[in-house]
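Here's the structure, in structure tokens; my notes come after.
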Amino acid sequence: MAEENKLKTVSYKETLNLPQTDFPIRANAAIEEPKLLARWQKEELYKKSFACNKGKEKYIFHDGPPYANGNIHLGTAYNKILKDIFTKSQRMMGKHVPITPGWDCHGLPIELKVTAEHPNLAPEQLKKECRNYATGWIKTQKEQFKELGVLMNWDHPYLTMSKQYESTIVRAFGKFVEGGYIERSNKTVPWCASCKTVLAAAEIEYEDRKDPSIYVAFPLEEATQKKVFPALKDTVNMLIWTTTPWTLPLNKMVILKPKEQYDVLDINGTLCVVGSKLSDAICKKLEVTKKVVATCKAEDLVGGNALHPFIEGQKSALVSDGFVGTQEGTACVHGAPGCGADDYEVALKNKIEIFSPLSDDGKYEEGILPQELVGQEVAKAHGWIIKTLQEKGRLLLKESIKHSYPHCWRCQKGLIFRATKQWFCDLEQNNLRQKALDAIENIAFVPEVTRNRLRAVIKGRLEWCLSRQRIWGTPIIAALCNECDAAFIDQAMIKEVAKGIEKEGIEYWDTVSLEDVLPKGTKCAECGSAHFKKEQDILDVWFESGVSHYAVLYNNSELGYPADLYAEGSDQHRAWFQSSLLTSLVLEGSACFKAVTTHGYTVDQKGRKMSKSLGNVVAPQEVIKKMGADGLRLWAASIDLGSDAVMSEILVGNVKEVFRKVRNTCRFLVSNLYDFDSKKDAVALKDIRAIDQYALHQLGQFSNAVQKAYQEHDLTGVQHHFADYCAGQLSSFYLDIIKDRLYTDVKNGVERRSAQTASWYILDTLTKLMAPILSFTAEQLADCYQKGKTESIHLQGFANVPQVWQENEEKSKECQWEALRIIRSSVLKAIEKLREQSIVKHSLEAKVTLAMNKSQEAVQPVLQLLEDVKRTGQNKEQFLKEYFIVSACEIVDYDDEDQDIDQEEFEKFDVCVASETGLLVKAGHADGSKCPRCWQWEVTDHEHGLCARCQLAVRKK
Ligand SMILES: [Zn+2]
Ligand SMILES: [Zn+2]
Ligand SMILES: [Zn+2]
């Protein structure tokens, strides 16, 4: 008997419309993703996406060029994925979104790397090797970006080292010259007197060194003393502390700490101004008893002058700056703008001369005072200076100190700071800075707070030094006088050279003879000499990448100017965003971007920036190995743009969970559409079941919300909408309800086809909306449900969700379904009670009776809904039975006068729940017997106990 029953069950199972699909439960990314990548390549998707929607409204995204050295790291991957999501979503919203990817190729890191690999190369050989090096990494990075699923026009990137681009950099520089922005003046730089070269930050090494440590008195100028200390008769001195006595002849100022209090100490009869916080320490050092004769604020002194301790008649300006500390010294800092980095900046801010008569081999030059110093090596000047200070009675103390000091990485000699002639962009010319600040007000920033960051960077920028003393970069086209070093720069000459560079690259400047490009009869404006040499400096790489809008977007009919969007990490405010904005205002006369989106840095779970030394670097390939490129993409989309991009186990776990949920939902949908051809089998929307209409309405709202979030670059919003919709609306509600209809109803009957119609729209919409983020999964899904698919999902648009309800009825219908949802929760509560009492195990074993008081306001929307259901040809009880997932549902209407609803009688049921006003819900075990096919209970005398519906379905098989 048992055996026979089992057999029957099996045979009924075969009559069910059980789900079928090839779409796997697990992503299996390691196998599937490379297959798709190969297919996209073969289908020329990169090229096609560039042309997709041509003729429609353009959306110009401009790719900030990554640097072409090394494998991509997680930060680069994160950045590129975000760009890809932003642009894919715009394309799917119907816009034409052509993207030319770029690479930044010149610059010091490559030059250093190549020099380390091949030391002592001649400049032309070095450039050749640098080109090869960058070319190699571009190839590698390109493949790595493709593996992330990023769609850009990979075969036609822009490279800052292409001949075309190099010549555009030169032309752009020419326009700056034409506009009067370019000037040549002194800048203080770290210098190795032994190698006779400027050093980049990366080339400076710190080592301990022993130096003299001296305390020197600068007497106040009479006027200043009278103003600040009118009561003091004796001369008051500013007491400074220095460990580089040789810089004293270059002193131009004494720098105080703003708002700090200062004491005037009597030190063995010499009055000295020092920071109050340091008074005790100084007295101890000088072995005197502390005697404060006056006090003042830094601001009292600022604006006045001190006198140089040994140069007759030379003043030292009293200024203040935040960099001055009160940890050591005297809080009165000796400032020599021509031989200190901080001093240089303070001098710029206070418009004090950058005085630096120092030769490239580290000697005092003509112009230094006293004259006897001319020709002396600065490294050997300590003795002379200390002796002179002693003679003048200005030296209060001399010790020696062992401290960390900058050294040259090549020769290990101590560095000096020295001002050299550099090329600058004058930010005040034509109000450039103010124009940039004004432009910022009209640019959209995501997140909005980042507007301030760019504003602050532009406002606080002291200068833009454009020149570098390097090889691997675009030359500054200028000539220098052989006699007096004055520069000759000319727009016509620059244009001429640009033509040559367009043909031969930057190497042209090395080979062309200056006579061929210098205008005939050129004479030095300073000394009249006719002998010139070529300028050897190259341009700042930020100028090169900064003019990419000019080289790539401007006057390019395939792309367009300005860009709708730039999107980079938050460190680019001080770098690429800034240089792009400033150059665009000069070159095109308008800002190069309409919107700027900024994201955070990638950090580990402890919030630490990833670095090789910490050993916490995560390669994107590692993440891909664990959860596929789609997993990595989903991680990227899960991060709030305003915070750091954390890569942690917990976050990865959450991402996997969302991924699994979305995947399962879609798999359920696709597996119930195996026999559904949307063109042939779809039911007209006016004829689909009420609940299916409701599902489509919800789908429309979901779709609108997701598209709005994409539009606003709110990717965490996109993800939340997905999670809520898949879990809340689909899994635990709609899909749960229609499961029975899909599995057990007549295969091609209107009931099942109606559910499939809605399911198809849901799947189509979901798949397309996820495609910008889950680019691989979406393509796989589309392969499964799009019958006769010929075009990649990434060339398709977002789905148009059909509007099933008239606009004027939407509000009231939403309200009706909301009311029904409230009843549903009462019903679920009642069934839960049945379960607790072991009356039923599954909700299908239950029957429900609803008693609704017709005269109560609260039940009106539901009564209305049930009337509509009836009008569309569906039985009300049948509808509710499916909606509650029970075997029977009875409706009892009553009103206040009705006697046939007997409260007491009603309460005799197994469970009774009073819900909203005017509603009673009772539930009990369903009558009859369980249908072996669909498990619903029905009073029936059909063969094998099949219910009426199954009887029909089995017969139609
Ligand atoms: Zn050196
Ligand atoms: Zn000259
Ligand atoms: Zn049945």
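Just so we're on the same page: first chain in the structure tokens is A, next is B, and so on; residues restart at 1 for each chain, and ligands are numbered from 1 in the order they show up.
Contacts with ligand 2 are defined as any residue atom within 12 Å of a ligand atom, using only C-alpha atoms and all ligand atoms; the residues meeting this criterion are Ala479, Leu480, Cys481, Asn482, Glu483, Cys484, Asp485, Ala486, Ala487, Phe488, Thr522, Lys523, Cys524, Ala525, Glu526, Cys527, Gly528, Ser529, Ala530, His531, Phe532 and Lys533 of chain A.
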Just to be explicit: take each residue in the selection above, keep N, CA, C and O atoms, and write the result as a short mmCIF file (atom, residue, chain, number, x, y, z; two decimals), in the first residue's frame.
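result-v3.cif, written as the output of this step:
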```cif
data_model
loop_
_atom_site.label_atom_id
_atom_site.label_comp_id
_atom_site.auth_asym_id
_atom_site.auth_seq_id
_atom_site.Cartn_x
_atom_site.Cartn_y
_atom_site.Cartn_z
N ALA A 479 64.40 79.11 -25.06
CA ALA A 479 65.84 79.23 -25.24
C ALA A 479 66.40 80.05 -24.08
O ALA A 479 65.72 80.93 -23.55
N LEU A 480 67.63 79.73 -23.68
CA LEU A 480 68.28 80.44 -22.58
C LEU A 480 69.53 81.13 -23.09
O LEU A 480 70.30 80.54 -23.87
N CYS A 481 69.71 82.36 -22.66
CA CYS A 481 70.89 83.13 -23.09
C CYS A 481 72.17 82.50 -22.54
O CYS A 481 72.25 82.21 -21.35
N ASN A 482 73.12 82.29 -23.43
CA ASN A 482 74.39 81.70 -23.01
C ASN A 482 75.16 82.60 -22.07
O ASN A 482 75.94 82.13 -21.25
N GLU A 483 74.94 83.90 -22.22
CA GLU A 483 75.72 84.85 -21.43
C GLU A 483 75.12 85.08 -20.04
O GLU A 483 75.82 84.98 -19.04
N CYS A 484 73.79 85.36 -20.01
CA CYS A 484 73.22 85.80 -18.73
C CYS A 484 72.09 84.90 -18.23
O CYS A 484 71.46 85.21 -17.22
N ASP A 485 71.82 83.82 -18.93
CA ASP A 485 70.81 82.84 -18.51
C ASP A 485 69.36 83.35 -18.60
O ASP A 485 68.43 82.69 -18.16
N ALA A 486 69.17 84.55 -19.20
CA ALA A 486 67.79 85.03 -19.36
C ALA A 486 67.07 84.13 -20.36
O ALA A 486 67.67 83.58 -21.27
N ALA A 487 65.77 83.97 -20.18
CA ALA A 487 65.01 83.06 -21.04
C ALA A 487 64.37 83.80 -22.20
O ALA A 487 63.94 84.94 -22.08
N PHE A 488 64.30 83.09 -23.34
CA PHE A 488 63.55 83.59 -24.48
C PHE A 488 62.45 82.58 -24.76
O PHE A 488 62.68 81.39 -24.93
N THR A 522 67.04 86.87 -33.28
CA THR A 522 66.67 86.94 -31.86
C THR A 522 67.88 87.35 -31.01
O THR A 522 68.96 86.80 -31.15
N LYS A 523 67.65 88.34 -30.16
CA LYS A 523 68.71 88.79 -29.25
C LYS A 523 68.19 88.72 -27.82
O LYS A 523 66.99 88.86 -27.57
N CYS A 524 69.09 88.50 -26.89
CA CYS A 524 68.70 88.42 -25.48
C CYS A 524 68.17 89.79 -25.03
O CYS A 524 68.81 90.81 -25.23
N ALA A 525 67.00 89.78 -24.42
CA ALA A 525 66.38 91.02 -23.97
C ALA A 525 67.17 91.65 -22.82
O ALA A 525 67.10 92.84 -22.60
N GLU A 526 67.93 90.87 -22.11
CA GLU A 526 68.68 91.37 -20.96
C GLU A 526 70.05 91.93 -21.35
O GLU A 526 70.42 93.02 -20.95
N CYS A 527 70.80 91.11 -22.14
CA CYS A 527 72.19 91.51 -22.39
C CYS A 527 72.50 91.73 -23.87
O CYS A 527 73.62 92.08 -24.22
N GLY A 528 71.54 91.45 -24.74
CA GLY A 528 71.75 91.69 -26.16
C GLY A 528 72.51 90.60 -26.88
O GLY A 528 72.74 90.67 -28.08
N SER A 529 72.90 89.56 -26.19
CA SER A 529 73.66 88.48 -26.81
C SER A 529 72.78 87.73 -27.82
O SER A 529 71.56 87.67 -27.69
N ALA A 530 73.41 87.15 -28.85
CA ALA A 530 72.66 86.40 -29.85
C ALA A 530 72.89 84.90 -29.69
O ALA A 530 72.53 84.10 -30.54
N HIS A 531 73.54 84.52 -28.57
CA HIS A 531 73.86 83.10 -28.38
C HIS A 531 72.93 82.47 -27.35
O HIS A 531 72.86 82.91 -26.22
N PHE A 532 72.26 81.42 -27.81
CA PHE A 532 71.28 80.77 -26.94
C PHE A 532 71.52 79.26 -26.90
O PHE A 532 72.13 78.69 -27.79
N LYS A 533 71.01 78.65 -25.83
CA LYS A 533 70.97 77.19 -25.79
C LYS A 533 69.52 76.76 -25.52
O LYS A 533 68.70 77.57 -25.08
#
```
Practice task
Output as a PyMOL selection string all residues of segment 47-203 of chain A that backbone DSSP marks as strand (DSSP E).
Solution key: chain A and resi 102-103+158-159+182-192+197-198
Tell me, as a PDB file with C-alpha atoms, in the first residue's frame, which residues lie within 10 Å of Gln698 of chain A, counting only C-alpha atoms; anything in the same chain fewer than 2 positions away does not count.
```
ATOM      1  CA  ASP A 692       0.273  39.902 -11.195  1.00  0.00           C
ATOM      2  CA  GLN A 693      -0.760  43.429 -12.062  1.00  0.00           C
ATOM      3  CA  TYR A 694       0.121  44.493  -8.571  1.00  0.00           C
ATOM      4  CA  ALA A 695       3.531  42.832  -8.925  1.00  0.00           C
ATOM      5  CA  LEU A 696       4.175  44.762 -12.145  1.00  0.00           C
ATOM      6  CA  GLY A 700       7.765  49.804 -11.937  1.00  0.00           C
ATOM      7  CA  GLN A 701       8.376  51.580  -8.676  1.00  0.00           C
ATOM      8  CA  PHE A 702      11.483  49.528  -7.991  1.00  0.00           C
ATOM      9  CA  SER A 703      12.795  50.253 -11.474  1.00  0.00           C
ATOM     10  CA  ASN A 704      12.255  54.001 -11.087  1.00  0.00           C
ATOM     11  CA  TYR A 725      12.999  44.189  -3.512  1.00  0.00           C
ATOM     12  CA  GLN A 729       8.663  41.987  -2.400  1.00  0.00           C
ATOM     13  CA  LEU A 730       9.681  38.901  -4.324  1.00  0.00           C
ATOM     14  CA  ILE A 762      10.402  41.094 -13.443  1.00  0.00           C
ATOM     15  CA  VAL A 801       8.101  48.387 -17.158  1.00  0.00           C
ATOM     16  CA  GLU A 814      -1.977  51.165  -3.800  1.00  0.00           C
TER      17      GLU A 814
END
```
Practice task
With only C-alpha atoms and all ligand atoms counted, collect every polymer residue having an atom within 10 Å of ligand 1; state the result as a list in words.
Solution key: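 Answer in the requested format: Trp191, Cys192, Ala193, Ser194, Cys195, Lys196, Thr197, Val198, Leu199, Glu203, Ile204, His407, Cys408, Trp409, Arg410, Cys411, Gln412, Lys413, Gly414 and Leu415 of chain A.
Around ligand 3, the neighbouring residues within 10 Å, taking only C-alpha atoms and all ligand atoms, come to Tyr12, Asp740, Thr744, Asp745, Ser887, Lys930, Cys931, Pro932, Arg933, Cys934, Trp935, Gln936, Trp937, Glu938, Gly945, Leu946, Cys947, Ala948, Arg949, Cys950, Gln951, Leu952, Ala953 and Val954 of chain A.
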Can you spit out the residues from that selection as a CSV table (one decimal), in the first residue's frame, using N, CA, C and O atoms?
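Wrote it out as again-v7.csv, contents follow:
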```csv
chain,number,residue,atom,x,y,z
A,12,TYR,N,2.6,11.8,-10.1
A,12,TYR,CA,2.0,13.1,-10.1
A,12,TYR,C,3.1,14.2,-10.2
A,12,TYR,O,2.9,15.2,-10.8
A,740,ASP,N,2.6,28.1,-6.5
A,740,ASP,CA,1.5,27.1,-6.7
A,740,ASP,C,1.0,27.2,-8.1
A,740,ASP,O,0.8,26.1,-8.7
A,744,THR,N,1.5,24.0,-10.5
A,744,THR,CA,0.4,23.0,-10.6
A,744,THR,C,-0.7,23.4,-11.6
A,744,THR,O,-1.4,22.5,-12.0
A,745,ASP,N,-0.8,24.6,-12.0
A,745,ASP,CA,-1.9,24.9,-12.9
A,745,ASP,C,-1.6,24.3,-14.3
A,745,ASP,O,-0.5,23.9,-14.6
A,887,SER,N,-5.8,26.6,1.8
A,887,SER,CA,-6.7,25.7,1.0
A,887,SER,C,-8.1,26.2,0.8
A,887,SER,O,-8.8,25.8,-0.2
A,930,LYS,N,-6.2,15.9,1.5
A,930,LYS,CA,-5.0,16.6,0.8
A,930,LYS,C,-4.9,16.0,-0.6
A,930,LYS,O,-4.8,14.8,-0.8
A,931,CYS,N,-4.9,16.9,-1.5
A,931,CYS,CA,-4.6,16.5,-2.9
A,931,CYS,C,-3.2,16.0,-3.0
A,931,CYS,O,-2.3,16.8,-2.7
A,932,PRO,N,-3.0,14.8,-3.5
A,932,PRO,CA,-1.6,14.3,-3.6
A,932,PRO,C,-0.7,15.1,-4.6
A,932,PRO,O,0.5,15.0,-4.5
A,933,ARG,N,-1.3,15.8,-5.4
A,933,ARG,CA,-0.5,16.5,-6.4
A,933,ARG,C,-0.1,17.9,-6.0
A,933,ARG,O,1.1,18.3,-6.1
A,934,CYS,N,-1.1,18.7,-5.5
A,934,CYS,CA,-0.8,20.1,-5.2
A,934,CYS,C,-0.8,20.3,-3.7
A,934,CYS,O,-0.5,21.5,-3.2
A,935,TRP,N,-1.2,19.4,-2.9
A,935,TRP,CA,-1.2,19.4,-1.4
A,935,TRP,C,-2.2,20.4,-0.9
A,935,TRP,O,-2.2,20.7,0.3
A,936,GLN,N,-3.1,20.9,-1.7
A,936,GLN,CA,-4.2,21.7,-1.2
A,936,GLN,C,-5.3,20.7,-0.7
A,936,GLN,O,-5.4,19.6,-1.2
A,937,TRP,N,-6.1,21.2,0.3
A,937,TRP,CA,-7.1,20.3,0.8
A,937,TRP,C,-8.4,20.7,0.2
A,937,TRP,O,-8.7,21.9,-0.1
A,938,GLU,N,-9.2,19.6,-0.1
A,938,GLU,CA,-10.5,19.9,-0.8
A,938,GLU,C,-11.4,18.8,-0.5
A,938,GLU,O,-11.0,17.6,-0.4
A,945,GLY,N,-8.2,11.0,-5.1
A,945,GLY,CA,-8.2,12.1,-4.2
A,945,GLY,C,-7.7,13.4,-4.8
A,945,GLY,O,-7.4,14.4,-4.1
A,946,LEU,N,-7.5,13.5,-6.1
A,946,LEU,CA,-7.1,14.7,-6.8
A,946,LEU,C,-8.1,15.8,-6.6
A,946,LEU,O,-9.3,15.6,-6.7
A,947,CYS,N,-7.6,17.0,-6.5
A,947,CYS,CA,-8.6,18.1,-6.4
A,947,CYS,C,-9.1,18.5,-7.8
A,947,CYS,O,-8.5,18.0,-8.8
A,948,ALA,N,-10.1,19.3,-7.9
A,948,ALA,CA,-10.7,19.6,-9.2
A,948,ALA,C,-9.7,20.2,-10.2
A,948,ALA,O,-9.6,19.8,-11.3
A,949,ARG,N,-8.9,21.1,-9.7
A,949,ARG,CA,-8.0,21.8,-10.5
A,949,ARG,C,-6.9,20.8,-11.1
A,949,ARG,O,-6.6,20.8,-12.2
A,950,CYS,N,-6.4,19.9,-10.2
A,950,CYS,CA,-5.4,19.0,-10.6
A,950,CYS,C,-6.0,17.9,-11.6
A,950,CYS,O,-5.3,17.5,-12.5
A,951,GLN,N,-7.2,17.6,-11.3
A,951,GLN,CA,-7.9,16.6,-12.2
A,951,GLN,C,-7.8,17.2,-13.6
A,951,GLN,O,-7.4,16.5,-14.6
A,952,LEU,N,-8.1,18.5,-13.7
A,952,LEU,CA,-8.1,19.1,-15.0
A,952,LEU,C,-6.7,19.2,-15.6
A,952,LEU,O,-6.5,18.9,-16.8
A,953,ALA,N,-5.8,19.6,-14.8
A,953,ALA,CA,-4.4,19.8,-15.2
A,953,ALA,C,-3.8,18.4,-15.7
A,953,ALA,O,-3.1,18.4,-16.7
A,954,VAL,N,-4.1,17.4,-15.0
A,954,VAL,CA,-3.5,16.1,-15.3
A,954,VAL,C,-4.1,15.6,-16.7
A,954,VAL,O,-3.4,15.1,-17.5
```
Practice task
Apply DSSP to the backbone of this structure and, from segment 413-476 of chain A, keep only the residues in helix (DSSP H, G or I); write these as a PyMOL selection string.
Solution key: chain A and resi 429-441+450-460
File of the preceding selection, N, CA and C atoms, as an mmCIF file, in the first residue's frame:
```
data_model
loop_
_atom_site.group_PDB
_atom_site.id
_atom_site.type_symbol
_atom_site.label_atom_id
_atom_site.label_comp_id
_atom_site.auth_asym_id
_atom_site.auth_seq_id
_atom_site.Cartn_x
_atom_site.Cartn_y
_atom_site.Cartn_z
ATOM 1 N N GLN A 429 47.225 85.695 -13.126
ATOM 2 C CA GLN A 429 47.072 86.250 -14.474
ATOM 3 C C GLN A 429 45.624 86.064 -14.954
ATOM 4 N N ASN A 430 45.053 87.126 -15.501
ATOM 5 C CA ASN A 430 43.652 87.098 -15.963
ATOM 6 C C ASN A 430 42.701 86.548 -14.903
ATOM 7 N N ASN A 431 43.041 86.737 -13.645
ATOM 8 C CA ASN A 431 42.166 86.269 -12.560
ATOM 9 C C ASN A 431 41.925 84.768 -12.578
ATOM 10 N N LEU A 432 42.931 84.000 -13.031
ATOM 11 C CA LEU A 432 42.738 82.560 -13.192
ATOM 12 C C LEU A 432 42.226 81.889 -11.920
ATOM 13 N N ARG A 433 42.847 82.208 -10.777
ATOM 14 C CA ARG A 433 42.423 81.565 -9.541
ATOM 15 C C ARG A 433 40.955 81.878 -9.234
ATOM 16 N N GLN A 434 40.593 83.146 -9.364
ATOM 17 C CA GLN A 434 39.220 83.540 -9.052
ATOM 18 C C GLN A 434 38.234 82.884 -10.023
ATOM 19 N N LYS A 435 38.642 82.798 -11.298
ATOM 20 C CA LYS A 435 37.777 82.143 -12.291
ATOM 21 C C LYS A 435 37.527 80.688 -11.910
ATOM 22 N N ALA A 436 38.581 80.036 -11.433
ATOM 23 C CA ALA A 436 38.439 78.630 -11.031
ATOM 24 C C ALA A 436 37.491 78.523 -9.843
ATOM 25 N N LEU A 437 37.640 79.432 -8.888
ATOM 26 C CA LEU A 437 36.764 79.405 -7.705
ATOM 27 C C LEU A 437 35.311 79.646 -8.113
ATOM 28 N N ASP A 438 35.110 80.566 -9.065
ATOM 29 C CA ASP A 438 33.743 80.832 -9.542
ATOM 30 C C ASP A 438 33.172 79.607 -10.251
ATOM 31 N N ALA A 439 34.027 78.965 -11.077
ATOM 32 C CA ALA A 439 33.561 77.798 -11.835
ATOM 33 C C ALA A 439 33.105 76.685 -10.900
ATOM 34 N N ILE A 440 33.814 76.534 -9.786
ATOM 35 C CA ILE A 440 33.493 75.459 -8.835
ATOM 36 C C ILE A 440 32.047 75.566 -8.339
ATOM 37 N N GLU A 441 31.565 76.802 -8.254
ATOM 38 C CA GLU A 441 30.192 76.994 -7.776
ATOM 39 C C GLU A 441 29.156 76.414 -8.738
ATOM 40 N N THR A 450 32.557 67.455 -1.134
ATOM 41 C CA THR A 450 33.868 67.506 -1.775
ATOM 42 C C THR A 450 34.082 68.805 -2.551
ATOM 43 N N ARG A 451 33.015 69.556 -2.776
ATOM 44 C CA ARG A 451 33.143 70.869 -3.425
ATOM 45 C C ARG A 451 34.146 71.729 -2.640
ATOM 46 N N ASN A 452 34.005 71.678 -1.312
ATOM 47 C CA ASN A 452 34.893 72.444 -0.435
ATOM 48 C C ASN A 452 36.344 72.076 -0.598
ATOM 49 N N ARG A 453 36.582 70.776 -0.827
ATOM 50 C CA ARG A 453 37.948 70.294 -0.929
ATOM 51 C C ARG A 453 38.660 70.942 -2.114
ATOM 52 N N LEU A 454 37.994 70.923 -3.279
ATOM 53 C CA LEU A 454 38.612 71.506 -4.464
ATOM 54 C C LEU A 454 38.762 73.016 -4.282
ATOM 55 N N ARG A 455 37.744 73.613 -3.677
ATOM 56 C CA ARG A 455 37.783 75.056 -3.435
ATOM 57 C C ARG A 455 38.991 75.402 -2.557
ATOM 58 N N ALA A 456 39.178 74.631 -1.486
ATOM 59 C CA ALA A 456 40.277 74.908 -0.548
ATOM 60 C C ALA A 456 41.633 74.725 -1.224
ATOM 61 N N VAL A 457 41.739 73.697 -2.056
ATOM 62 C CA VAL A 457 43.014 73.427 -2.732
ATOM 63 C C VAL A 457 43.379 74.573 -3.674
ATOM 64 N N ILE A 458 42.388 75.057 -4.418
ATOM 65 C CA ILE A 458 42.655 76.149 -5.363
ATOM 66 C C ILE A 458 42.971 77.438 -4.600
ATOM 67 N N LYS A 459 42.200 77.682 -3.555
ATOM 68 C CA LYS A 459 42.391 78.888 -2.764
ATOM 69 C C LYS A 459 43.766 78.904 -2.119
ATOM 70 N N GLY A 460 44.187 77.746 -1.585
ATOM 71 C CA GLY A 460 45.417 77.687 -0.809
ATOM 72 C C GLY A 460 46.672 77.470 -1.646
#
```
Practice task
Considering only C-alpha atoms, return as a count of residues only whatever protein or nucleic-acid residues lie within 12 Å of Gln860 of chain A, sequence-local ones (same chain, fewer than 2 positions apart) excluded.
Solution key: 25
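Considering only C-alpha atoms, the residue among A:Val114, A:Leu18, A:Ile401, A:Cys105 positioned nearest to Tyr743 of chain A is A:Leu18.
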Handout entry: Shell around Val497 of chain A at 9 Å using only C-alpha atoms, local window under 6 positions removed, as a VMD selection string
Key = chain A and resid 167 170 477 508 to 509 512 517
Practice task
Using only C-alpha atoms, determine which residues lie at most 9 Å from Ile60 of chain A, disregarding the query and same-chain residues fewer than 5 positions distant; provide the list as a VMD selection string.
Solution key: chain A and resid 87 96 to 99 553 559 to 565
Exercise for the section: With a distance cut-off of 8 Å and only C-alpha atoms, select the neighbouring residues of Val892 of chain A, excluding the residue or stretch itself and same-chain residues fewer than 5 positions from it, and output the selection as a PyMOL selection string. Expected result: chain A and resi 849-852
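Checking A:Asn268, A:Gln376, A:Thr100, A:Asn28 one by one against Lys363 of chain A, counting only C-alpha atoms, you find the shortest gap at A:Gln376.
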Please report, as JSON lines, each residue of segment 104-188 of chain A lying at most 9 Å from segment 71-81 of chain A, together with the nearest pair of atoms and the separation in Å rounded to one decimal; use only C-alpha atoms, and order rows by chain and ascending residue number.
```
{"residue": "A:Trp137", "atom": "CA", "partner": "A:Asn71", "partner_atom": "CA", "distance": 7.4}
{"residue": "A:Thr140", "atom": "CA", "partner": "A:Asn71", "partner_atom": "CA", "distance": 7.2}
{"residue": "A:Gln141", "atom": "CA", "partner": "A:Ile72", "partner_atom": "CA", "distance": 6.2}
{"residue": "A:Gln144", "atom": "CA", "partner": "A:Ile72", "partner_atom": "CA", "distance": 7.1}
{"residue": "A:Phe145", "atom": "CA", "partner": "A:Ala77", "partner_atom": "CA", "distance": 7.2}
{"residue": "A:Leu148", "atom": "CA", "partner": "A:Ile81", "partner_atom": "CA", "distance": 7.1}
{"residue": "A:Gly149", "atom": "CA", "partner": "A:Ile81", "partner_atom": "CA", "distance": 8.0}
{"residue": "A:Val150", "atom": "CA", "partner": "A:Ile81", "partner_atom": "CA", "distance": 6.5}
```
Output N, CA, C and O atoms for every residue in that selection, as a PDB file, in the first residue's frame.
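Saved to part05.pdb:
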```pdb
ATOM      1  N   TRP A 137      53.518  47.971 -19.687  1.00  0.00           N
ATOM      2  CA  TRP A 137      52.539  48.005 -18.594  1.00  0.00           C
ATOM      3  C   TRP A 137      51.141  48.381 -19.068  1.00  0.00           C
ATOM      4  O   TRP A 137      50.143  47.935 -18.509  1.00  0.00           O
ATOM      5  N   THR A 140      49.579  45.211 -20.135  1.00  0.00           N
ATOM      6  CA  THR A 140      49.181  44.395 -18.983  1.00  0.00           C
ATOM      7  C   THR A 140      47.944  44.964 -18.296  1.00  0.00           C
ATOM      8  O   THR A 140      46.981  44.253 -18.020  1.00  0.00           O
ATOM      9  N   GLN A 141      47.992  46.255 -18.015  1.00  0.00           N
ATOM     10  CA  GLN A 141      46.864  46.874 -17.303  1.00  0.00           C
ATOM     11  C   GLN A 141      45.571  46.780 -18.104  1.00  0.00           C
ATOM     12  O   GLN A 141      44.492  46.593 -17.546  1.00  0.00           O
ATOM     13  N   GLN A 144      44.067  43.572 -17.499  1.00  0.00           N
ATOM     14  CA  GLN A 144      43.555  43.503 -16.127  1.00  0.00           C
ATOM     15  C   GLN A 144      42.251  44.288 -15.976  1.00  0.00           C
ATOM     16  O   GLN A 144      41.340  43.865 -15.266  1.00  0.00           O
ATOM     17  N   PHE A 145      42.156  45.405 -16.669  1.00  0.00           N
ATOM     18  CA  PHE A 145      40.903  46.177 -16.629  1.00  0.00           C
ATOM     19  C   PHE A 145      39.783  45.409 -17.306  1.00  0.00           C
ATOM     20  O   PHE A 145      38.637  45.413 -16.858  1.00  0.00           O
ATOM     21  N   LEU A 148      38.049  42.915 -15.209  1.00  0.00           N
ATOM     22  CA  LEU A 148      37.083  43.464 -14.249  1.00  0.00           C
ATOM     23  C   LEU A 148      35.709  43.633 -14.891  1.00  0.00           C
ATOM     24  O   LEU A 148      34.744  43.994 -14.230  1.00  0.00           O
ATOM     25  N   GLY A 149      35.649  43.408 -16.209  1.00  0.00           N
ATOM     26  CA  GLY A 149      34.377  43.578 -16.919  1.00  0.00           C
ATOM     27  C   GLY A 149      34.153  45.006 -17.386  1.00  0.00           C
ATOM     28  O   GLY A 149      33.029  45.384 -17.695  1.00  0.00           O
ATOM     29  N   VAL A 150      35.223  45.794 -17.407  1.00  0.00           N
ATOM     30  CA  VAL A 150      35.085  47.217 -17.755  1.00  0.00           C
ATOM     31  C   VAL A 150      35.013  47.401 -19.273  1.00  0.00           C
ATOM     32  O   VAL A 150      35.844  46.887 -20.007  1.00  0.00           O
TER      33      VAL A 150
END
```
Exercise for the section: Would you work out the distance separating atom CA of Asn186 of chain A from atom CA of Leu301 of chain A, expressed in Å to one decimal? Expected result: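 Going from atom CA of Asn186 of chain A over to atom CA of Leu301 of chain A covers 28.2 Å.
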